[in-house]
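Okay, so here's the structure we're looking at.
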Amino acid sequence: MNPEEVRELLPLYALGALSPEERSRVEEALSSYPELWAEAKAWMEAASQLAEAVPPAPVPPGLEDKVMTRIRALRRPAPWGWLRQAAAVFLILALGYGTYLGGGWLLTLREPTTQVITLVSPQGEVVGRAILRADRTALILLHGSPPKGKVFQAWGLDHGEPLPLSTFRLPLKTLRLPPEALAVAISLEPPGGSSKPTTLFGLPR
Amino acid sequence: MSLEGLSDEALLALVARGEEEALRWLFQRYAGAFLGLARRMGLDVNAQEDVVQEAFIRVWKNARQFDPRRASARAWLLAIGHHTAVDFLRRLQARPKLLEPQADEAEEAFDLPGDGLNEEGHLDRIRLQGALRHLDPEEREVIQVLYYRGHSHQEAARLLGIPLGTLKTRVRRALLRLKEVLREP
């Protein structure tokens with residue numbers, strides 16, 4: 001979606017008049033076009049007045065407790081959820097690609113020298129994780145695939161300019177970090193990759 | 001420390017870090033507004049409560065995505081409440097009726113009695129309802145069909161018998177006029 005297409009849909013987005021799919025597409029595209037944020041904010045403010053014009057209704061007793069009970073139920077399985085997800089991906093890989101990756105990465109997690117880095121979007125949302133081994137090999141696990149026409153690109157981070165590394169399309173990638181890289185970041189790039197990051201996707205937290 | 005005095009933005013930041021108490025305060029500030037909106041959109045009592053529960057689950061899950069550069073916390077929260085009610089309406093296919101611009105129904109959205117939960121909110125609503133009455137009938141009609149009835153833009157254009165482009169123009173004009181009128185002292 002180009003900026004003009006997003007701009008045209010913003011008033012409808014603010015009014016809740018898009019389908020859930022269109023709504024997600026606008027939200028996703030907005031992340032890439034900071035120049036539209038002020039405009040989006042203005043439409044959202046105008047639309048919020050329509051909600052404010054409606055008188056609030058009395059809240060029935062017990063509704064707050066129902067909400068909080070559901071929130072607590074959501075929290076329980078959270079720790080190590082991503083690890084289970086990673087294990088599931090490994091299983092699929094093991095079935096599909098034989099011993100390409102092997103089970104070594106899971107065992108690696110037991111090593112004290114292995115680092116697990118959370119990757120977050122510029123908005124602070126967790127978008128994946130990177131497992132870094134002492135031998136400078138890294139496994140990247142991302143939540144989701146790149147949008148159409150884009151690929152992921154890994155970057156080695158040191159104290160200077162980001163170092164361009166491999167591009168990839170699957171949400172899982174192994175790579176070797178150059179010796180000077182202290183951490184890894186992910187961006188979205190046109191196929192073939194870039195020499196400098198275009199759209200940041202995941203930064204180490 | 002009580003979180004009562006914190007802004008909505010600060011409470012959302014705490015929710016993003018998993019603070020249940022912050023969500024409880026947001027519930028106390030917004031549950032009534034979400035319920036009122038769901039009621040206004042024609043959902044029955046059970047569905048209204050489901051909307052509130054679902055909306056706060058979405059707030060809990062998506063608080064990390066809130067970005068104050070793209071919306072104020074209040075607008076973001078009200079949009080979540082509204083989007084949730086819209087999704088329920090569409091899922092239940094429980095829209096009250098197809099819109100043939102019926103004078104009394106069209107007026108209803110713009111002539112809402114305040115419950116007077118607090119005087120300041122009541123006065124704000126009177127001001128907002130006054131602003132809505134400044135819209136042209138055509139502009140009010142698109143707001144009614146899209147926002148208060150939860151129709152998608154394609155459905156609304158079909159129901160109103162106008163091209164999609166005309167609908168988009170009216171929406172843009174209606175929201176701009178609303179902003180303009182509310183800016184006047």
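Chain labels follow the order of the structure tokens: the first chain is A, the next B, and so on; residue numbering restarts at 1 in every chain, and ligands are counted from 1 in their shown order.
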
Which polymer residues have any atom within 9 Å of an atom of Gln115 in chain A, counting only C-alpha atoms, with same-chain residues fewer than 6 positions away left out, as a PDB file with C-alpha atoms, in the first residue's frame?
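This went into result.pdb:
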ATOM      1  CA  LEU A 109      20.010 -23.088  25.013  1.00  0.00           C
ATOM      2  CA  ALA A 130      17.707 -14.238  18.185  1.00  0.00           C
ATOM      3  CA  ILE A 131      19.775 -16.987  19.764  1.00  0.00           C
ATOM      4  CA  LEU A 132      23.516 -16.216  19.626  1.00  0.00           C
ATOM      5  CA  ARG A 133      26.038 -18.987  20.215  1.00  0.00           C
ATOM      6  CA  ALA A 134      29.558 -18.519  21.438  1.00  0.00           C
TER       7      ALA A 134
END

Each chain B residue no farther than 7 Å from chain A, nearest pair in Å, only C-alpha atoms, as a tab-separated table:
residue	atom	partner	partner_atom	distance
B:Ala31	CA	A:Val59	CA	6.7
B:Gly32	CA	A:Pro56	CA	4.6
B:Ala33	CA	A:Pro56	CA	4.3
B:Leu35	CA	A:Ala57	CA	5.6
B:Gly36	CA	A:Pro56	CA	4.5
B:Leu37	CA	A:Val54	CA	6.2
B:Gln53	CA	A:Val67	CA	5.4
B:Ile57	CA	A:Ile71	CA	6.6
B:Arg64	CA	A:Glu125	CA	5.5
B:Gln65	CA	A:Glu125	CA	6.1
B:Asp67	CA	A:Gln123	CA	6.7
B:Arg69	CA	A:Trp37	CA	6.4
B:Arg70	CA	A:Trp37	CA	4.9
B:Ala71	CA	A:Lys41	CA	4.5
B:Ala75	CA	A:Ser48	CA	5.2
B:Leu78	CA	A:Ser48	CA	6.2
B:Ala79	CA	A:Ser48	CA	6.8
B:His83	CA	A:Gly16	CA	5.7
B:Leu112	CA	A:Val54	CA	6.8
B:Gly114	CA	A:Pro55	CA	5.2
B:Asp115	CA	A:Pro55	CA	5.9
B:Arg125	CA	A:Ala53	CA	4.8
B:Leu128	CA	A:Ala53	CA	5.6
B:Gln129	CA	A:Ala53	CA	6.1
B:Leu146	CA	A:Ala17	CA	5.7
B:Tyr147	CA	A:Leu15	CA	5.6
B:Gly150	CA	A:Ala17	CA	6.7
B:His151	CA	A:Ala17	CA	6.3
B:Ser152	CA	A:Ala17	CA	4.5
B:His153	CA	A:Ala17	CA	5.4
B:Val171	CA	A:Pro11	CA	6.8
B:Arg172	CA	A:Pro11	CA	6.2
B:Leu175	CA	A:Ala46	CA	6.0
B:Leu178	CA	A:Ala46	CA	6.9
B:Lys179	CA	A:Ala46	CA	5.9

* Asked: Looking at B:Ser72, B:Arg127, B:Ala55, B:Lys61, which one is nearest to Thr84 in chain B, with distances taken over only C-alpha atoms?
  -> B:Ala55

* Asked: Distance CA of Gln153 in chain A-CA of Pro178 in chain A, one decimal place?
  ->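 Separating CA of Gln153 in chain A from CA of Pro178 in chain A is a distance of 14.8 Å.
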
* Asked: Counting only C-alpha atoms, what is within 12 Å of Ala138 in chain A, bar same-chain residues fewer than 3 positions away, as a PyMOL selection string?
  -> chain A and resi 101+105+108-109+114-117+129-135+141+154-156+165-166+172-178+181-185

Residue selection dump (C-alpha atoms) as a PDB file, in the first residue's frame:
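File again-v8.pdb, as written:
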ATOM      1  CA  LEU A 101      19.633 -27.744  11.382  1.00  0.00           C
ATOM      2  CA  TRP A 105      20.135 -25.291  18.706  1.00  0.00           C
ATOM      3  CA  THR A 108      22.575 -24.816  22.803  1.00  0.00           C
ATOM      4  CA  LEU A 109      20.010 -23.088  25.013  1.00  0.00           C
ATOM      5  CA  THR A 114      24.398 -18.700  24.660  1.00  0.00           C
ATOM      6  CA  GLN A 115      22.544 -15.382  24.542  1.00  0.00           C
ATOM      7  CA  VAL A 116      18.840 -15.034  23.770  1.00  0.00           C
ATOM      8  CA  ILE A 117      18.027 -11.571  22.445  1.00  0.00           C
ATOM      9  CA  ARG A 129      14.111 -13.518  19.074  1.00  0.00           C
ATOM     10  CA  ALA A 130      17.707 -14.238  18.185  1.00  0.00           C
ATOM     11  CA  ILE A 131      19.775 -16.987  19.764  1.00  0.00           C
ATOM     12  CA  LEU A 132      23.516 -16.216  19.626  1.00  0.00           C
ATOM     13  CA  ARG A 133      26.038 -18.987  20.215  1.00  0.00           C
ATOM     14  CA  ALA A 134      29.558 -18.519  21.438  1.00  0.00           C
ATOM     15  CA  ASP A 135      30.867 -19.605  17.996  1.00  0.00           C
ATOM     16  CA  LEU A 141      13.110 -16.600  14.881  1.00  0.00           C
ATOM     17  CA  ALA A 154      19.910  -9.223   9.005  1.00  0.00           C
ATOM     18  CA  TRP A 155      22.387  -6.582  10.224  1.00  0.00           C
ATOM     19  CA  GLY A 156      25.384  -6.958  12.476  1.00  0.00           C
ATOM     20  CA  LEU A 165      24.260  -9.585   6.365  1.00  0.00           C
ATOM     21  CA  SER A 166      22.035 -12.162   4.621  1.00  0.00           C
ATOM     22  CA  LEU A 172      13.615 -18.554  10.619  1.00  0.00           C
ATOM     23  CA  LYS A 173      17.238 -18.101   9.615  1.00  0.00           C
ATOM     24  CA  THR A 174      20.676 -19.212  10.738  1.00  0.00           C
ATOM     25  CA  LEU A 175      23.665 -17.045   9.977  1.00  0.00           C
ATOM     26  CA  ARG A 176      27.209 -16.353  11.122  1.00  0.00           C
ATOM     27  CA  LEU A 177      27.942 -12.959  12.617  1.00  0.00           C
ATOM     28  CA  PRO A 178      31.164 -11.148  11.670  1.00  0.00           C
ATOM     29  CA  ALA A 181      29.201  -7.580  15.475  1.00  0.00           C
ATOM     30  CA  LEU A 182      27.942  -7.396  19.052  1.00  0.00           C
ATOM     31  CA  ALA A 183      24.267  -7.946  18.275  1.00  0.00           C
ATOM     32  CA  VAL A 184      21.885  -8.462  15.390  1.00  0.00           C
ATOM     33  CA  ALA A 185      18.961  -6.436  14.000  1.00  0.00           C
TER      34      ALA A 185
END

* To do: For range 1-7 of chain A, work out the shell of residues within 7 Å, counting only C-alpha atoms and skipping chain neighbours fewer than 5 positions away, then give it as a ChimeraX atom specification.
  => /A:26,29,33

Deliver the residues from the most recent selection as a file, using N, CA and C atoms, as a PDB file, in the first residue's frame.
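So out.pdb came out as:
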ATOM      1  N   VAL A  26      -3.909  -1.162   6.846  1.00  0.00           N
ATOM      2  CA  VAL A  26      -3.638   0.266   7.090  1.00  0.00           C
ATOM      3  C   VAL A  26      -2.683   0.409   8.275  1.00  0.00           C
ATOM      4  N   ALA A  29       0.758  -0.617   7.217  1.00  0.00           N
ATOM      5  CA  ALA A  29       1.365   0.355   6.303  1.00  0.00           C
ATOM      6  C   ALA A  29       1.746   1.630   7.050  1.00  0.00           C
ATOM      7  N   TYR A  33       5.117   4.608   7.262  1.00  0.00           N
ATOM      8  CA  TYR A  33       5.007   5.979   6.751  1.00  0.00           C
ATOM      9  C   TYR A  33       4.819   6.981   7.894  1.00  0.00           C
TER      10      TYR A  33
END

* To do: For each of B:Leu164, B:Ala174, B:Ala85, B:Leu77, take the minimum atom-to-atom distance to Glu141 in chain B, counting only C-alpha atoms, then give the residue where this is smallest.
  => B:Ala174
